[in-house]
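> Questions regarding the structure given below will be posed in turn.
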Amino acid sequence: QTDYVFELSRLCAENHDRKTVADYIVSSVIMLSRADACTLRMYEESTGDVVLASSFGIPEAALTEKRFPFKGSLVEKSFLAKRPVKVIDLVQEPLYRTVRWTRTQNFTSALILALSFQSKIVGSIALYVTPEKRLELFDNTFLERYAQLLGIILAKR
């Protein structure tokens, strides 16, 4: 686990571009969580939207909603609660907007982690899993701590 923290620190110290850092973050979160898919979204203050920065495990054709409003979203719910939001059944979650692609990929559950810095929203990580992996994903305290570090790093990019 610490290897991911050190590698992320190295990327930032070497001043890599935002896309390289975003891709590394998604890759590391996938490895740390063993989730089936992951999205990293960044908050755009000018529009109030969260916008896709990087993803893994989701076909490009399924990424139809690359941006959505922060207000009224699961990301906002996680940010206001100051903890991850666990969604056991995505189809039944009223705040979840893209049910169709999750059905085609057999993703039933998700973990939404708001990324923040100095009490301001920076972005979010969303992890998606099939029914077999649900319990494994929801019991990952390191991932919550890693998300705190990601908020700091992404706020400075």
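By convention in this document, the chains of the structure tokens carry letters A, B, ... by their order, each chain's residues are numbered from 1, and ligands are numbered from 1 in the order they are shown.
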Counting only C-alpha atoms, what is within 6 Å of range 44-58 of chain A, bar same-chain residues fewer than 2 positions away, as a list in words?
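Once the nearby chain positions are removed, what remains is Ala22, Asp23, Ala37, Cys38, Thr39, Leu40, Arg41, Met42, Lys66, Arg67, Phe68, Pro69 and Phe70 of chain A.
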> Running DSSP on the backbone, which parts of range 20-52 of chain A land in alpha helix (DSSP H), as a PyMOL selection string?
chain A and resi 20-33
> Could you check the closest approach to Lys82 in chain A for each of A:Arg18, A:Arg103, A:Lys120, A:Arg97 and tell me which residue wins, using only C-alpha atoms?
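Ranking A:Arg18, A:Arg103, A:Lys120, A:Arg97 by distance to Lys82 in chain A, first place goes to A:Lys120.
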> Per residue of range 27-77 of chain A within 9 Å of range 3-13 of chain A, which atom pair is closest and at what distance in Å (one decimal), using only C-alpha atoms, listed by chain and increasing number, as JSON lines?

{"residue": "A:Ser28", "atom": "CA", "partner": "A:Tyr4", "partner_atom": "CA", "distance": 6.4}
{"residue": "A:Val29", "atom": "CA", "partner": "A:Tyr4", "partner_atom": "CA", "distance": 9.0}
{"residue": "A:Leu32", "atom": "CA", "partner": "A:Tyr4", "partner_atom": "CA", "distance": 8.6}
> Please determine, counting only C-alpha atoms, which residue among A:Phe117, A:Phe142, A:Tyr96, A:Tyr128 has the shortest atom-to-atom distance to Ala35 in chain A.
A:Tyr128
> Choose the residue, out of A:Ala81, A:Glu93, A:Gln1, A:Thr108, that has the smallest atom-to-atom separation from Asn140 in chain A; count only C-alpha atoms.
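Once distances to Asn140 in chain A are computed over only C-alpha atoms, the minimum belongs to A:Gln1.
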> Which residues are close to Leu90 in chain A, i.e. within 8 Å by only C-alpha atoms, leaving aside same-chain residues fewer than 6 positions away? Reply as a ChimeraX atom specification.
/A:96,99,102,107-110
> Where in range 8-121 of chain A does DSSP assign strand (DSSP E), given as a tab-separated table (two decimals) with N, CA, C and O atoms, in the first residue's frame?

chain	number	residue	atom	x	y	z
A	37	ALA	N	-14.30	-1.72	-11.81
A	37	ALA	CA	-14.24	-0.49	-12.61
A	37	ALA	C	-14.09	0.70	-11.68
A	37	ALA	O	-14.42	0.64	-10.49
A	38	CYS	N	-13.58	1.79	-12.25
A	38	CYS	CA	-13.34	2.99	-11.45
A	38	CYS	C	-13.43	4.22	-12.34
A	38	CYS	O	-13.01	4.18	-13.50
A	39	THR	N	-13.99	5.29	-11.79
A	39	THR	CA	-13.95	6.59	-12.45
A	39	THR	C	-13.36	7.61	-11.49
A	39	THR	O	-13.59	7.55	-10.29
A	40	LEU	N	-12.62	8.53	-12.04
A	40	LEU	CA	-12.12	9.69	-11.31
A	40	LEU	C	-12.74	10.90	-11.99
A	40	LEU	O	-12.61	11.07	-13.21
A	41	ARG	N	-13.44	11.69	-11.21
A	41	ARG	CA	-14.06	12.91	-11.73
A	41	ARG	C	-13.52	14.11	-10.95
A	41	ARG	O	-13.27	14.02	-9.77
A	42	MET	N	-13.39	15.22	-11.66
A	42	MET	CA	-12.91	16.45	-11.07
A	42	MET	C	-14.05	17.47	-11.03
A	42	MET	O	-14.86	17.54	-11.95
A	43	TYR	N	-14.09	18.23	-9.95
A	43	TYR	CA	-15.12	19.25	-9.80
A	43	TYR	C	-14.70	20.51	-10.56
A	43	TYR	O	-13.58	20.99	-10.42
A	44	GLU	N	-15.62	21.03	-11.37
A	44	GLU	CA	-15.41	22.29	-12.08
A	44	GLU	C	-16.23	23.37	-11.37
A	44	GLU	O	-17.46	23.36	-11.45
A	49	ASP	N	-20.21	21.27	-12.09
A	49	ASP	CA	-20.27	19.87	-12.54
A	49	ASP	C	-19.06	19.08	-12.06
A	49	ASP	O	-18.00	19.67	-11.78
A	50	VAL	N	-19.22	17.76	-12.00
A	50	VAL	CA	-18.08	16.86	-11.85
A	50	VAL	C	-17.85	16.23	-13.22
A	50	VAL	O	-18.79	15.76	-13.86
A	51	VAL	N	-16.59	16.26	-13.67
A	51	VAL	CA	-16.26	15.90	-15.04
A	51	VAL	C	-15.25	14.74	-15.04
A	51	VAL	O	-14.28	14.76	-14.28
A	52	LEU	N	-15.50	13.78	-15.91
A	52	LEU	CA	-14.63	12.60	-16.01
A	52	LEU	C	-13.20	13.01	-16.35
A	52	LEU	O	-12.96	13.72	-17.31
A	53	ALA	N	-12.24	12.53	-15.55
A	53	ALA	CA	-10.82	12.78	-15.79
A	53	ALA	C	-10.12	11.50	-16.24
A	53	ALA	O	-9.19	11.55	-17.04
A	54	SER	N	-10.57	10.35	-15.72
A	54	SER	CA	-9.96	9.06	-16.07
A	54	SER	C	-10.90	7.94	-15.64
A	54	SER	O	-11.71	8.12	-14.73
A	55	SER	N	-10.76	6.79	-16.30
A	55	SER	CA	-11.58	5.64	-15.93
A	55	SER	C	-10.87	4.34	-16.26
A	55	SER	O	-9.91	4.33	-17.05
A	56	PHE	N	-11.36	3.26	-15.68
A	56	PHE	CA	-10.86	1.92	-15.94
A	56	PHE	C	-12.04	0.95	-15.85
A	56	PHE	O	-12.88	1.08	-14.95
A	67	ARG	N	-20.01	14.21	-17.68
A	67	ARG	CA	-20.16	15.28	-16.69
A	67	ARG	C	-21.58	15.23	-16.16
A	67	ARG	O	-22.49	14.83	-16.85
A	68	PHE	N	-21.72	15.62	-14.91
A	68	PHE	CA	-23.05	15.75	-14.32
A	68	PHE	C	-22.99	16.75	-13.18
A	68	PHE	O	-21.92	17.02	-12.64
A	69	PRO	N	-24.13	17.33	-12.82
A	69	PRO	CA	-24.15	18.34	-11.76
A	69	PRO	C	-23.76	17.73	-10.40
A	69	PRO	O	-24.19	16.63	-10.06
A	85	VAL	N	-19.98	6.89	0.33
A	85	VAL	CA	-21.37	6.44	0.18
A	85	VAL	C	-21.32	5.05	-0.42
A	85	VAL	O	-20.74	4.84	-1.48
A	86	LYS	N	-21.93	4.10	0.28
A	86	LYS	CA	-22.00	2.72	-0.19
A	86	LYS	C	-23.36	2.50	-0.82
A	86	LYS	O	-24.39	2.67	-0.16
A	87	VAL	N	-23.37	2.12	-2.08
A	87	VAL	CA	-24.61	1.85	-2.79
A	87	VAL	C	-24.66	0.35	-3.06
A	87	VAL	O	-23.90	-0.17	-3.87
A	109	SER	N	-23.12	-2.78	-7.37
A	109	SER	CA	-22.82	-1.95	-6.20
A	109	SER	C	-21.70	-0.97	-6.53
A	109	SER	O	-20.92	-1.18	-7.45
A	110	ALA	N	-21.66	0.09	-5.72
A	110	ALA	CA	-20.63	1.10	-5.92
A	110	ALA	C	-20.23	1.72	-4.59
A	110	ALA	O	-20.99	1.71	-3.63
A	111	LEU	N	-19.03	2.24	-4.59
A	111	LEU	CA	-18.52	3.01	-3.46
A	111	LEU	C	-18.12	4.36	-4.02
A	111	LEU	O	-17.28	4.43	-4.92
A	112	ILE	N	-18.73	5.42	-3.51
A	112	ILE	CA	-18.46	6.77	-3.98
A	112	ILE	C	-17.68	7.50	-2.89
A	112	ILE	O	-18.13	7.60	-1.75
A	113	LEU	N	-16.50	8.00	-3.25
A	113	LEU	CA	-15.67	8.74	-2.31
A	113	LEU	C	-15.47	10.16	-2.84
A	113	LEU	O	-14.87	10.36	-3.90
A	114	ALA	N	-16.01	11.12	-2.12
A	114	ALA	CA	-15.77	12.52	-2.47
A	114	ALA	C	-14.33	12.86	-2.10
A	114	ALA	O	-13.84	12.45	-1.05
A	115	LEU	N	-13.66	13.59	-2.96
A	115	LEU	CA	-12.30	14.05	-2.71
A	115	LEU	C	-12.37	15.53	-2.37
A	115	LEU	O	-12.96	16.31	-3.13
A	116	SER	N	-11.80	15.89	-1.25
A	116	SER	CA	-11.89	17.29	-0.82
A	116	SER	C	-10.56	17.77	-0.27
A	116	SER	O	-9.68	16.98	0.06
A	117	PHE	N	-10.47	19.09	-0.16
A	117	PHE	CA	-9.31	19.73	0.44
A	117	PHE	C	-9.78	21.04	1.05
A	117	PHE	O	-10.45	21.83	0.39
A	120	LYS	N	-13.44	21.95	0.75
A	120	LYS	CA	-13.97	22.23	-0.58
A	120	LYS	C	-13.91	20.95	-1.41
A	120	LYS	O	-12.94	20.18	-1.32
A	121	ILE	N	-14.93	20.74	-2.23
A	121	ILE	CA	-14.96	19.58	-3.10
A	121	ILE	C	-13.90	19.72	-4.19
A	121	ILE	O	-13.72	20.81	-4.75
> Separation of CA of Lys71 in chain A and CA of Arg83 in chain A, in Å?
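Rounded to one decimal, the two atoms are 16.8 Å apart.
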> Smallest atom-to-atom distance to Leu127 in chain A: which of A:Leu154, A:Ile30, A:Ile25, A:Leu80, using only C-alpha atoms?
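Checking each of A:Leu154, A:Ile30, A:Ile25, A:Leu80 against Leu127 in chain A, counting only C-alpha atoms, the winner is A:Ile30.
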> In Å to one decimal, how far is CA of Val129 in chain A from CA of Ala155 in chain A?
27.3 Å
> Select, from A:Val122, A:Leu143, A:Leu95, A:Ile153, the residue with the minimum atom-to-atom distance to Ser73 in chain A, counting only C-alpha atoms.
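The answer is A:Leu95, which sits nearest to Ser73 in chain A.
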> Restricting the calculation to only C-alpha atoms: of A:Met31, A:Leu63, A:Val21, A:Ala147, which residue gets closest to Phe79 in chain A?
A:Ala147
> Separation of CA of Pro84 in chain A and CA of Asp17 in chain A, in Å?
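We find that CA of Pro84 in chain A and CA of Asp17 in chain A lie 27.2 Å from each other.
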